file structure_20.cif (mmCIF, C-alpha atoms)
data_work
loop_
_atom_site.group_PDB
_atom_site.id
_atom_site.type_symbol
_atom_site.label_atom_id
_atom_site.label_comp_id
_atom_site.auth_asym_id
_atom_site.auth_seq_id
_atom_site.Cartn_x
_atom_site.Cartn_y
_atom_site.Cartn_z
ATOM 1 C CA MET A 1 33.538 -1.840 53.575
ATOM 2 C CA THR A 2 31.630 -0.851 50.444
ATOM 3 C CA PRO A 3 32.342 -3.313 47.628
ATOM 4 C CA ASP A 4 34.156 -1.891 44.651
ATOM 5 C CA ALA A 5 31.628 -1.208 41.890
ATOM 6 C CA SER A 6 34.228 -1.982 39.295
ATOM 7 C CA ALA A 7 34.402 -5.537 40.570
ATOM 8 C CA ALA A 8 30.759 -6.226 39.586
ATOM 9 C CA PRO A 9 30.476 -8.620 36.618
ATOM 10 C CA ALA A 10 29.637 -6.933 33.346
ATOM 11 C CA ALA A 11 26.493 -7.916 31.489
ATOM 12 C CA PRO A 12 27.240 -10.197 28.539
ATOM 13 C CA ALA A 13 27.381 -8.357 25.242
ATOM 14 C CA PRO A 14 24.946 -9.451 22.563
ATOM 15 C CA SER A 15 26.391 -11.672 19.904
ATOM 16 C CA GLY A 16 25.386 -13.204 16.593
ATOM 17 C CA PRO A 17 22.678 -11.667 14.365
ATOM 18 C CA THR A 18 21.337 -9.471 17.183
ATOM 19 C CA ALA A 19 24.736 -7.863 17.662
ATOM 20 C CA GLY A 20 24.956 -7.245 13.917
ATOM 21 C CA ARG A 21 21.534 -5.581 13.880
ATOM 22 C CA ILE A 22 22.384 -3.346 16.850
ATOM 23 C CA ALA A 23 25.706 -2.327 15.326
ATOM 24 C CA ALA A 24 24.092 -1.560 11.964
ATOM 25 C CA GLN A 25 21.343 0.442 13.660
ATOM 26 C CA ALA A 26 23.991 2.496 15.467
ATOM 27 C CA ARG A 27 25.747 3.233 12.163
ATOM 28 C CA HIS A 28 22.545 4.354 10.428
ATOM 29 C CA GLY A 29 21.325 6.454 13.331
ATOM 30 C CA GLY A 30 17.863 6.257 14.846
ATOM 31 C CA GLY A 31 14.685 8.203 14.298
ATOM 32 C CA PRO A 32 11.564 8.306 16.477
ATOM 33 C CA LEU A 33 10.310 4.981 15.117
ATOM 34 C CA LEU A 34 13.583 3.246 16.008
ATOM 35 C CA ARG A 35 13.353 4.568 19.566
ATOM 36 C CA ILE A 36 9.927 2.941 19.937
ATOM 37 C CA LEU A 37 10.819 -0.410 18.385
ATOM 38 C CA PRO A 38 13.011 -2.988 20.162
ATOM 39 C CA ALA A 39 16.768 -2.662 19.756
ATOM 40 C CA GLY A 40 18.145 -4.553 16.780
ATOM 41 C CA SER A 41 14.932 -4.388 14.744
ATOM 42 C CA TYR A 42 16.562 -2.307 11.989
ATOM 43 C CA SER A 43 19.924 -2.654 10.272
ATOM 44 C CA GLY A 44 19.403 -0.775 7.006
ATOM 45 C CA LEU A 45 19.274 -3.922 4.877
ATOM 46 C CA ALA A 46 15.686 -3.674 3.607
ATOM 47 C CA HIS A 47 16.946 -3.174 0.046
ATOM 48 C CA ARG A 48 18.329 -6.719 0.091
ATOM 49 C CA LEU A 49 14.795 -8.067 0.417
ATOM 50 C CA VAL A 50 13.678 -5.892 -2.514
ATOM 51 C CA GLU A 51 16.545 -7.268 -4.608
ATOM 52 C CA ARG A 52 15.575 -10.845 -3.718
ATOM 53 C CA THR A 53 11.935 -10.297 -4.698
ATOM 54 C CA ALA A 54 12.958 -8.669 -7.977
ATOM 55 C CA LEU A 55 15.074 -11.722 -8.816
ATOM 56 C CA VAL A 56 12.137 -14.011 -8.057
ATOM 57 C CA TYR A 57 9.809 -12.033 -10.326
ATOM 58 C CA SER A 58 12.403 -11.945 -13.098
ATOM 59 C CA ARG A 59 11.459 -15.595 -13.681
ATOM 60 C CA ALA A 60 7.729 -14.867 -13.460
ATOM 61 C CA TRP A 61 7.465 -11.443 -15.071
ATOM 62 C CA LEU A 62 4.128 -12.282 -16.707
ATOM 63 C CA VAL A 63 2.500 -12.476 -13.268
ATOM 64 C CA LEU A 64 3.870 -9.031 -12.470
ATOM 65 C CA VAL A 65 2.792 -7.404 -15.733
ATOM 66 C CA SER A 66 -0.673 -8.998 -15.833
ATOM 67 C CA GLY A 67 -1.885 -6.723 -13.046
ATOM 68 C CA VAL A 68 -1.619 -3.758 -15.410
ATOM 69 C CA PHE A 69 -4.419 -4.968 -17.677
ATOM 70 C CA GLU A 70 -7.452 -5.246 -15.363
ATOM 71 C CA PRO A 71 -7.784 -1.497 -14.610
ATOM 72 C CA LEU A 72 -7.054 -0.708 -18.258
ATOM 73 C CA PHE A 73 -9.970 -2.898 -19.340
ATOM 74 C CA TYR A 74 -12.176 -0.988 -16.883
ATOM 75 C CA LEU A 75 -11.047 2.308 -18.399
ATOM 76 C CA LEU A 76 -11.634 1.176 -21.961
ATOM 77 C CA ALA A 77 -15.075 -0.151 -21.023
ATOM 78 C CA PHE A 78 -16.063 3.229 -19.602
ATOM 79 C CA GLN A 79 -14.641 5.047 -22.624
ATOM 80 C CA VAL A 80 -16.437 2.874 -25.168
ATOM 81 C CA GLY A 81 -19.628 2.067 -23.282
ATOM 82 C CA PHE A 82 -20.720 4.208 -20.330
ATOM 83 C CA SER A 83 -19.399 7.524 -21.660
ATOM 84 C CA SER A 84 -22.077 7.479 -24.358
ATOM 85 C CA LEU A 85 -24.827 6.947 -21.751
ATOM 86 C CA ILE A 86 -23.792 9.607 -19.198
ATOM 87 C CA ASP A 87 -23.527 13.235 -20.290
ATOM 88 C CA GLY A 88 -21.170 14.352 -17.549
ATOM 89 C CA VAL A 89 -20.599 14.767 -13.820
ATOM 90 C CA THR A 90 -19.444 17.491 -11.473
ATOM 91 C CA GLY A 91 -15.773 17.206 -10.616
ATOM 92 C CA PRO A 92 -13.425 19.055 -8.240
ATOM 93 C CA ASP A 93 -14.211 22.746 -7.705
ATOM 94 C CA GLY A 94 -17.625 22.149 -9.269
ATOM 95 C CA ARG A 95 -16.217 21.995 -12.770
ATOM 96 C CA PRO A 96 -17.980 19.721 -15.298
ATOM 97 C CA MET A 97 -16.158 16.580 -16.426
ATOM 98 C CA THR A 98 -16.856 13.709 -18.744
ATOM 99 C CA TYR A 99 -17.699 10.551 -16.888
ATOM 100 C CA VAL A 100 -14.616 8.680 -18.085
ATOM 101 C CA ALA A 101 -12.369 11.571 -16.958
ATOM 102 C CA PHE A 102 -14.113 11.427 -13.585
ATOM 103 C CA VAL A 103 -13.575 7.680 -13.191
ATOM 104 C CA ALA A 104 -10.036 7.393 -14.607
ATOM 105 C CA PRO A 105 -8.078 8.876 -11.623
ATOM 106 C CA ALA A 106 -10.107 6.715 -9.233
ATOM 107 C CA LEU A 107 -9.263 3.594 -11.211
ATOM 108 C CA LEU A 108 -5.581 4.565 -11.164
ATOM 109 C CA VAL A 109 -5.370 4.734 -7.382
ATOM 110 C CA SER A 110 -7.613 1.673 -7.076
ATOM 111 C CA SER A 111 -5.126 -0.293 -9.151
ATOM 112 C CA ALA A 112 -2.374 0.904 -6.805
ATOM 113 C CA MET A 113 -4.439 -0.239 -3.825
ATOM 114 C CA ASN A 114 -5.119 -3.669 -5.313
ATOM 115 C CA GLY A 115 -1.489 -4.188 -6.291
ATOM 116 C CA ALA A 116 -0.294 -3.306 -2.797
ATOM 117 C CA VAL A 117 -2.885 -5.364 -0.916
ATOM 118 C CA TYR A 118 -2.572 -8.549 -2.939
ATOM 119 C CA GLU A 119 1.218 -8.357 -3.014
ATOM 120 C CA THR A 120 1.449 -8.114 0.767
ATOM 121 C CA LEU A 121 -1.050 -10.949 1.230
ATOM 122 C CA SER A 122 1.566 -13.273 -0.265
ATOM 123 C CA ILE A 123 3.485 -12.636 2.948
ATOM 124 C CA PHE A 124 1.120 -15.131 4.587
ATOM 125 C CA TYR A 125 2.721 -18.004 2.634
ATOM 126 C CA LYS A 126 6.253 -16.738 3.214
ATOM 127 C CA LEU A 127 5.544 -16.526 6.918
ATOM 128 C CA ARG A 128 3.502 -19.681 7.541
ATOM 129 C CA PHE A 129 4.828 -22.167 4.990
ATOM 130 C CA ASP A 130 8.108 -21.049 3.410
ATOM 131 C CA ARG A 131 9.560 -19.858 6.743
ATOM 132 C CA LEU A 132 11.412 -17.242 4.711
ATOM 133 C CA TYR A 133 11.584 -14.671 7.480
ATOM 134 C CA ASP A 134 12.997 -17.145 10.007
ATOM 135 C CA MET A 135 16.034 -17.426 7.745
ATOM 136 C CA MET A 136 16.225 -13.675 7.224
ATOM 137 C CA LEU A 137 16.150 -12.886 10.924
ATOM 138 C CA ALA A 138 19.052 -15.297 11.424
ATOM 139 C CA THR A 139 21.104 -12.698 9.515
ATOM 140 C CA PRO A 140 21.771 -9.084 10.593
ATOM 141 C CA MET A 141 18.346 -8.131 9.150
ATOM 142 C CA GLY A 142 15.719 -7.158 11.716
ATOM 143 C CA ALA A 143 11.928 -7.167 11.808
ATOM 144 C CA LEU A 144 11.713 -3.553 10.627
ATOM 145 C CA ASP A 145 14.007 -4.370 7.690
ATOM 146 C CA VAL A 146 11.601 -7.145 6.661
ATOM 147 C CA ALA A 147 8.574 -4.845 6.956
ATOM 148 C CA ILE A 148 10.211 -2.015 4.997
ATOM 149 C CA GLY A 149 11.498 -4.409 2.330
ATOM 150 C CA GLU A 150 8.148 -6.083 1.698
ATOM 151 C CA ILE A 151 6.249 -2.786 1.723
ATOM 152 C CA SER A 152 8.810 -1.207 -0.609
ATOM 153 C CA TRP A 153 8.388 -3.975 -3.163
ATOM 154 C CA ALA A 154 4.592 -3.709 -2.993
ATOM 155 C CA VAL A 155 4.878 0.054 -3.562
ATOM 156 C CA LEU A 156 7.204 -0.466 -6.538
ATOM 157 C CA ARG A 157 4.740 -2.916 -8.075
ATOM 158 C CA SER A 158 1.862 -0.492 -7.579
ATOM 159 C CA GLY A 159 3.969 2.293 -9.067
ATOM 160 C CA LEU A 160 4.425 0.195 -12.195
ATOM 161 C CA TYR A 161 0.660 -0.180 -12.538
ATOM 162 C CA ALA A 162 0.049 3.520 -11.917
ATOM 163 C CA THR A 163 2.658 4.609 -14.466
ATOM 164 C CA ALA A 164 1.183 2.376 -17.169
ATOM 165 C CA PHE A 165 -2.306 3.602 -16.332
ATOM 166 C CA LEU A 166 -1.259 7.263 -16.504
ATOM 167 C CA GLY A 167 0.305 6.625 -19.900
ATOM 168 C CA VAL A 168 -3.001 5.258 -21.205
ATOM 169 C CA MET A 169 -4.876 8.211 -19.676
ATOM 170 C CA ALA A 170 -2.552 10.619 -21.476
ATOM 171 C CA ALA A 171 -3.016 8.740 -24.760
ATOM 172 C CA MET A 172 -6.805 8.985 -24.358
ATOM 173 C CA GLY A 173 -6.647 12.720 -23.596
ATOM 174 C CA LEU A 174 -7.742 12.301 -19.977
ATOM 175 C CA ALA A 175 -4.664 13.907 -18.386
ATOM 176 C CA THR A 176 -5.135 17.537 -19.360
ATOM 177 C CA SER A 177 -3.138 19.295 -16.642
ATOM 178 C CA PRO A 178 0.617 19.234 -15.878
ATOM 179 C CA TRP A 179 -0.434 18.455 -12.293
ATOM 180 C CA ALA A 180 -1.533 15.035 -13.567
ATOM 181 C CA LEU A 181 2.081 13.925 -13.073
ATOM 182 C CA MET A 182 1.336 14.063 -9.341
ATOM 183 C CA LEU A 183 -0.909 11.047 -9.832
ATOM 184 C CA ILE A 184 2.195 8.837 -9.558
ATOM 185 C CA PRO A 185 3.237 10.122 -6.079
ATOM 186 C CA THR A 186 -0.417 9.898 -5.035
ATOM 187 C CA ALA A 187 -0.553 6.270 -6.137
ATOM 188 C CA LEU A 188 2.705 5.542 -4.296
ATOM 189 C CA LEU A 189 1.343 7.124 -1.117
ATOM 190 C CA ILE A 190 -1.862 5.128 -1.153
ATOM 191 C CA ALA A 191 0.104 1.982 -2.032
ATOM 192 C CA THR A 192 2.334 2.542 0.996
ATOM 193 C CA ALA A 193 -0.666 2.892 3.294
ATOM 194 C CA PHE A 194 -2.423 -0.209 1.965
ATOM 195 C CA ALA A 195 0.769 -2.273 1.780
ATOM 196 C CA ALA A 196 1.544 -1.520 5.426
ATOM 197 C CA LEU A 197 -1.998 -2.345 6.552
ATOM 198 C CA GLY A 198 -2.080 -5.402 4.290
ATOM 199 C CA MET A 199 1.105 -6.724 5.862
ATOM 200 C CA VAL A 200 -0.413 -6.404 9.314
ATOM 201 C CA CYS A 201 -3.476 -8.332 8.115
ATOM 202 C CA ALA A 202 -1.274 -11.023 6.557
ATOM 203 C CA THR A 203 0.422 -11.662 9.898
ATOM 204 C CA LEU A 204 -2.965 -12.024 11.609
ATOM 205 C CA LEU A 205 -4.406 -14.604 9.194
ATOM 206 C CA ARG A 206 -4.458 -18.231 10.336
ATOM 207 C CA SER A 207 -5.371 -19.915 7.058
ATOM 208 C CA SER A 208 -5.680 -19.047 3.383
ATOM 209 C CA SER A 209 -9.479 -19.322 3.623
ATOM 210 C CA GLN A 210 -9.412 -16.139 5.690
ATOM 211 C CA PHE A 211 -8.355 -14.191 2.585
ATOM 212 C CA ASP A 212 -12.085 -13.813 2.025
ATOM 213 C CA TYR A 213 -12.166 -11.389 4.966
ATOM 214 C CA ILE A 214 -9.778 -9.120 3.065
ATOM 215 C CA HIS A 215 -11.918 -9.316 -0.083
ATOM 216 C CA VAL A 216 -15.012 -8.402 1.960
ATOM 217 C CA VAL A 217 -13.289 -5.143 2.944
ATOM 218 C CA VAL A 218 -11.457 -4.294 -0.282
ATOM 219 C CA MET A 219 -14.309 -4.852 -2.764
ATOM 220 C CA PRO A 220 -16.898 -2.565 -1.059
ATOM 221 C CA MET A 221 -14.146 0.013 -0.589
ATOM 222 C CA PHE A 222 -13.440 -0.097 -4.319
ATOM 223 C CA LEU A 223 -17.119 0.208 -5.243
ATOM 224 C CA PHE A 224 -18.281 2.861 -2.770
ATOM 225 C CA SER A 225 -15.299 5.191 -2.143
ATOM 226 C CA THR A 226 -16.645 7.617 -4.810
ATOM 227 C CA THR A 227 -14.883 5.541 -7.459
ATOM 228 C CA PHE A 228 -17.892 5.577 -9.789
ATOM 229 C CA TYR A 229 -20.214 8.140 -8.184
ATOM 230 C CA PRO A 230 -19.713 11.615 -6.682
ATOM 231 C CA MET A 231 -20.146 12.027 -2.951
ATOM 232 C CA SER A 232 -23.386 13.964 -3.492
ATOM 233 C CA VAL A 233 -25.331 10.794 -4.337
ATOM 234 C CA TYR A 234 -24.803 9.322 -0.856
ATOM 235 C CA PRO A 235 -27.051 10.126 2.123
ATOM 236 C CA PRO A 236 -25.339 11.939 5.050
ATOM 237 C CA VAL A 237 -24.906 8.785 7.147
ATOM 238 C CA LEU A 238 -23.096 6.973 4.359
ATOM 239 C CA ARG A 239 -20.975 10.019 3.567
ATOM 240 C CA PHE A 240 -19.388 9.790 7.009
ATOM 241 C CA LEU A 241 -18.537 6.122 6.452
ATOM 242 C CA VAL A 242 -17.131 6.829 2.985
ATOM 243 C CA GLU A 243 -14.861 9.546 4.406
ATOM 244 C CA LEU A 244 -13.285 6.949 6.708
ATOM 245 C CA SER A 245 -12.098 4.951 3.695
ATOM 246 C CA PRO A 246 -8.400 5.416 2.843
ATOM 247 C CA LEU A 247 -9.232 4.884 -0.822
ATOM 248 C CA TYR A 248 -11.617 7.855 -0.733
ATOM 249 C CA HIS A 249 -8.789 10.154 0.364
ATOM 250 C CA GLY A 250 -6.554 8.822 -2.399
ATOM 251 C CA ILE A 251 -9.285 9.319 -4.989
ATOM 252 C CA GLU A 252 -9.880 12.896 -3.866
ATOM 253 C CA LEU A 253 -6.179 13.647 -4.250
ATOM 254 C CA ALA A 254 -6.024 11.990 -7.665
ATOM 255 C CA ARG A 255 -9.086 13.772 -9.049
ATOM 256 C CA GLY A 256 -7.795 17.139 -7.941
ATOM 257 C CA PHE A 257 -4.390 16.600 -9.528
ATOM 258 C CA SER A 258 -5.836 15.143 -12.741
ATOM 259 C CA VAL A 259 -7.531 18.446 -13.626
ATOM 260 C CA GLY A 260 -5.222 20.804 -11.734
ATOM 261 C CA ALA A 261 -7.865 21.728 -9.133
ATOM 262 C CA LEU A 262 -5.687 22.229 -6.050
ATOM 263 C CA ASP A 263 -7.368 22.673 -2.694
ATOM 264 C CA PRO A 264 -6.078 23.001 0.920
ATOM 265 C CA SER A 265 -8.113 19.919 1.862
ATOM 266 C CA MET A 266 -5.670 17.860 -0.204
ATOM 267 C CA ILE A 267 -3.119 18.323 2.585
ATOM 268 C CA GLY A 268 -5.514 16.628 4.977
ATOM 269 C CA HIS A 269 -6.044 13.722 2.576
ATOM 270 C CA ALA A 270 -2.287 13.238 2.236
ATOM 271 C CA CYS A 271 -1.728 13.401 6.014
ATOM 272 C CA TYR A 272 -4.465 10.818 6.587
ATOM 273 C CA LEU A 273 -2.758 8.360 4.234
ATOM 274 C CA ALA A 274 0.711 9.096 5.652
ATOM 275 C CA ALA A 275 -0.544 8.453 9.196
ATOM 276 C CA LEU A 276 -2.051 5.120 8.140
ATOM 277 C CA ALA A 277 1.230 4.151 6.491
ATOM 278 C CA ALA A 278 3.221 4.955 9.654
ATOM 279 C CA VAL A 279 0.811 3.029 11.880
ATOM 280 C CA GLY A 280 0.839 0.071 9.500
ATOM 281 C CA LEU A 281 4.646 0.010 9.291
ATOM 282 C CA TYR A 282 4.954 0.058 13.058
ATOM 283 C CA GLY A 283 2.323 -2.651 13.459
ATOM 284 C CA ALA A 284 3.859 -4.867 10.769
ATOM 285 C CA SER A 285 7.345 -4.749 12.294
ATOM 286 C CA ARG A 286 5.967 -5.502 15.760
ATOM 287 C CA ARG A 287 3.905 -8.429 14.460
ATOM 288 C CA ILE A 288 6.880 -9.899 12.567
ATOM 289 C CA GLY A 289 9.053 -9.555 15.667
ATOM 290 C CA LYS A 290 6.397 -11.077 17.921
ATOM 291 C CA LEU A 291 5.815 -14.071 15.652
ATOM 292 C CA LEU A 292 9.444 -14.887 14.945
ATOM 293 C CA LEU A 293 11.541 -13.518 17.790
ATOM 294 C CA SER A 294 9.401 -14.217 20.855
#
call {"tool": "encode", "arguments": {"input": "structure_20.cif", "output": "structure tokens"}}
result
Amino acid sequence: MTPDASAAPAAPAPSGPTAGRIAAQARHGGGPLLRILPAGSYSGLAHRLVERTALVYSRAWLVLVSGVFEPLFYLLAFQVGFSSLIDGVTGPDGRPMTYVAFVAPALLVSSAMNGAVYETLSIFYKLRFDRLYDMMLATPMGALDVAIGEISWAVLRSGLYATAFLGVMAAMGLATSPWALMLIPTALLIATAFAALGMVCATLLRSSSQFDYIHVVVMPMFLFSTTFYPMSVYPPVLRFLVELSPLYHGIELARGFSVGALDPSMIGHACYLAALAAVGLYGASRRIGKLLLS
């Protein structure tokens, strides 16, 4: 006689924080990323992590605001010093630009990059020493919530820097086109890409001395991604390497918007940064889950 299938014991239902994450994920629906990630990795509570970080910085607001000044000092130095030594450069669409107008959009997105990278590197201490995420994952929050929350805060911080920088550019007469307002979304996009990649790097570091590896990558990227020189000064071999830099694509977008020189290639630059952000977000959530849930 064939045994009754209904008599088979049912698998135990998940309980505790995992059950809460699965239930929350079901309420919020699931996109392609949630179908790839393990069940229970997302519960729609990433904003709680942003709120927590904002409360922490409310007691150390000077640390947050101080990041605004470094790129502004760069801009003022170029306005007062180098602009009198360099007649002009060729900008987007071959139009002539003053050197400070050429450099200013690049410094804006570079400040967004630096803010995002160095904010996400602090995740190393939260992960290795504070054990902050162990406590978070004991709640209904999942690994993807943690990744989205940390990246969102880094993007907000970079957006603060970019907004202040754009205000100074406008005051100095360097934002001459209404399209210059698109510098803020451009900065947020590049901040998202670098914050996601920075979070992945933070989960791979074994000690704080390995931060030097990040500096070895970020500093040459800042100096050679056409921040201070047009692409035409580089030999063909180096041009290919420069075009691989995410910062280069952000700078190209920013320069085009700063003078209103729109070009179809800007879509490619934006897609490149969006793809990096998606890959970084996926990698960060998997790394957090592997370190804390396995």
call {"tool": "atom_distance", "arguments": {"input": "structure_20.cif", "atom1": "atom CA of Ile267 of chain A", "atom2": "atom CA of Leu253 of chain A"}}
result
8.8 Å
call {"tool": "closest_residue", "arguments": {"input": "structure_20.cif", "among": "A:Phe194, A:Phe228, A:Phe69, A:Phe102", "to": "Ala274 of chain A", "atoms": "only C-alpha atoms"}}
result
A:Phe194
call {"tool": "residues_around", "arguments": {"input": "structure_20.cif", "residues": "Arg128 of chain A", "least_positions_apart": "3", "cutoff": "9 Å", "atoms": "all atoms listed in the file", "output": "PyMOL selection string"}}
result
chain A and resi 123-125+131-132+203+206-207
call {"tool": "closest_residue", "arguments": {"input": "structure_20.cif", "among": "A:Leu72, A:Ser122, A:Asp93, A:Leu188", "to": "Leu156 of chain A", "atoms": "all atoms listed in the file"}}
result
A:Leu188
call {"tool": "resolve_selection", "arguments": {"input": "structure_20.cif", "expression": "the PyMOL selection byres ((chain A and resi 190) around 12)", "output": "NGL selection string"}}
result
:A and (106 or 108-117 or 151 or 154-156 or 158-159 or 162 or 183-189 or 191-198 or 245-254 or 269-278)
call {"tool": "residues_near_point", "arguments": {"input": "structure_20.cif", "point": "(15.1, -2.5, 2.5)", "cutoff": "9 Å", "atoms": "all atoms listed in the file", "output": "list of chain:residue names"}}
result
A:Gly44, A:Leu45, A:Ala46, A:His47, A:Arg48, A:Leu49, A:Val50, A:Glu51, A:Leu144, A:Asp145, A:Val146, A:Ala147, A:Ile148, A:Gly149, A:Glu150, A:Ile151, A:Ser152, A:Trp153
call {"tool": "resolve_selection", "arguments": {"input": "structure_20.cif", "expression": "the PyMOL selection byres ((chain A and resi 94) around 12)", "output": "number ranges by chain"}}
result
A: 88-93, 95-97, 230, 232, 255-256, 259, 261
call {"tool": "atom_distance", "arguments": {"input": "structure_20.cif", "atom1": "atom CA of Tyr229 of chain A", "atom2": "atom CA of Tyr99 of chain A"}}
result
9.4 Å
call {"tool": "residues_around", "arguments": {"input": "structure_20.cif", "residues": "segment 236-242 of chain A", "least_positions_apart": "6", "cutoff": "9 Å", "atoms": "only C-alpha atoms", "output": "VMD selection string"}}
result
chain A and resid 221 224 to 226 248
call {"tool": "atom_distance", "arguments": {"input": "structure_20.cif", "atom1": "atom CA of Ala60 of chain A", "atom2": "atom CA of Asp130 of chain A"}}
result
18.0 Å
call {"tool": "resolve_selection", "arguments": {"input": "structure_20.cif", "expression": "the PyMOL selection byres ((chain A and resi 214) around 10)", "output": "ChimeraX atom specification"}}
result
/A:117-118,121,198,201-202,205,210-213,215-219
call {"tool": "residues_around", "arguments": {"input": "structure_20.cif", "residues": "Trp179 of chain A", "least_positions_apart": "3", "cutoff": "6 Å", "atoms": "only C-alpha atoms", "output": "list in words"}}
result
Met182, Phe257 and Gly260 of chain A
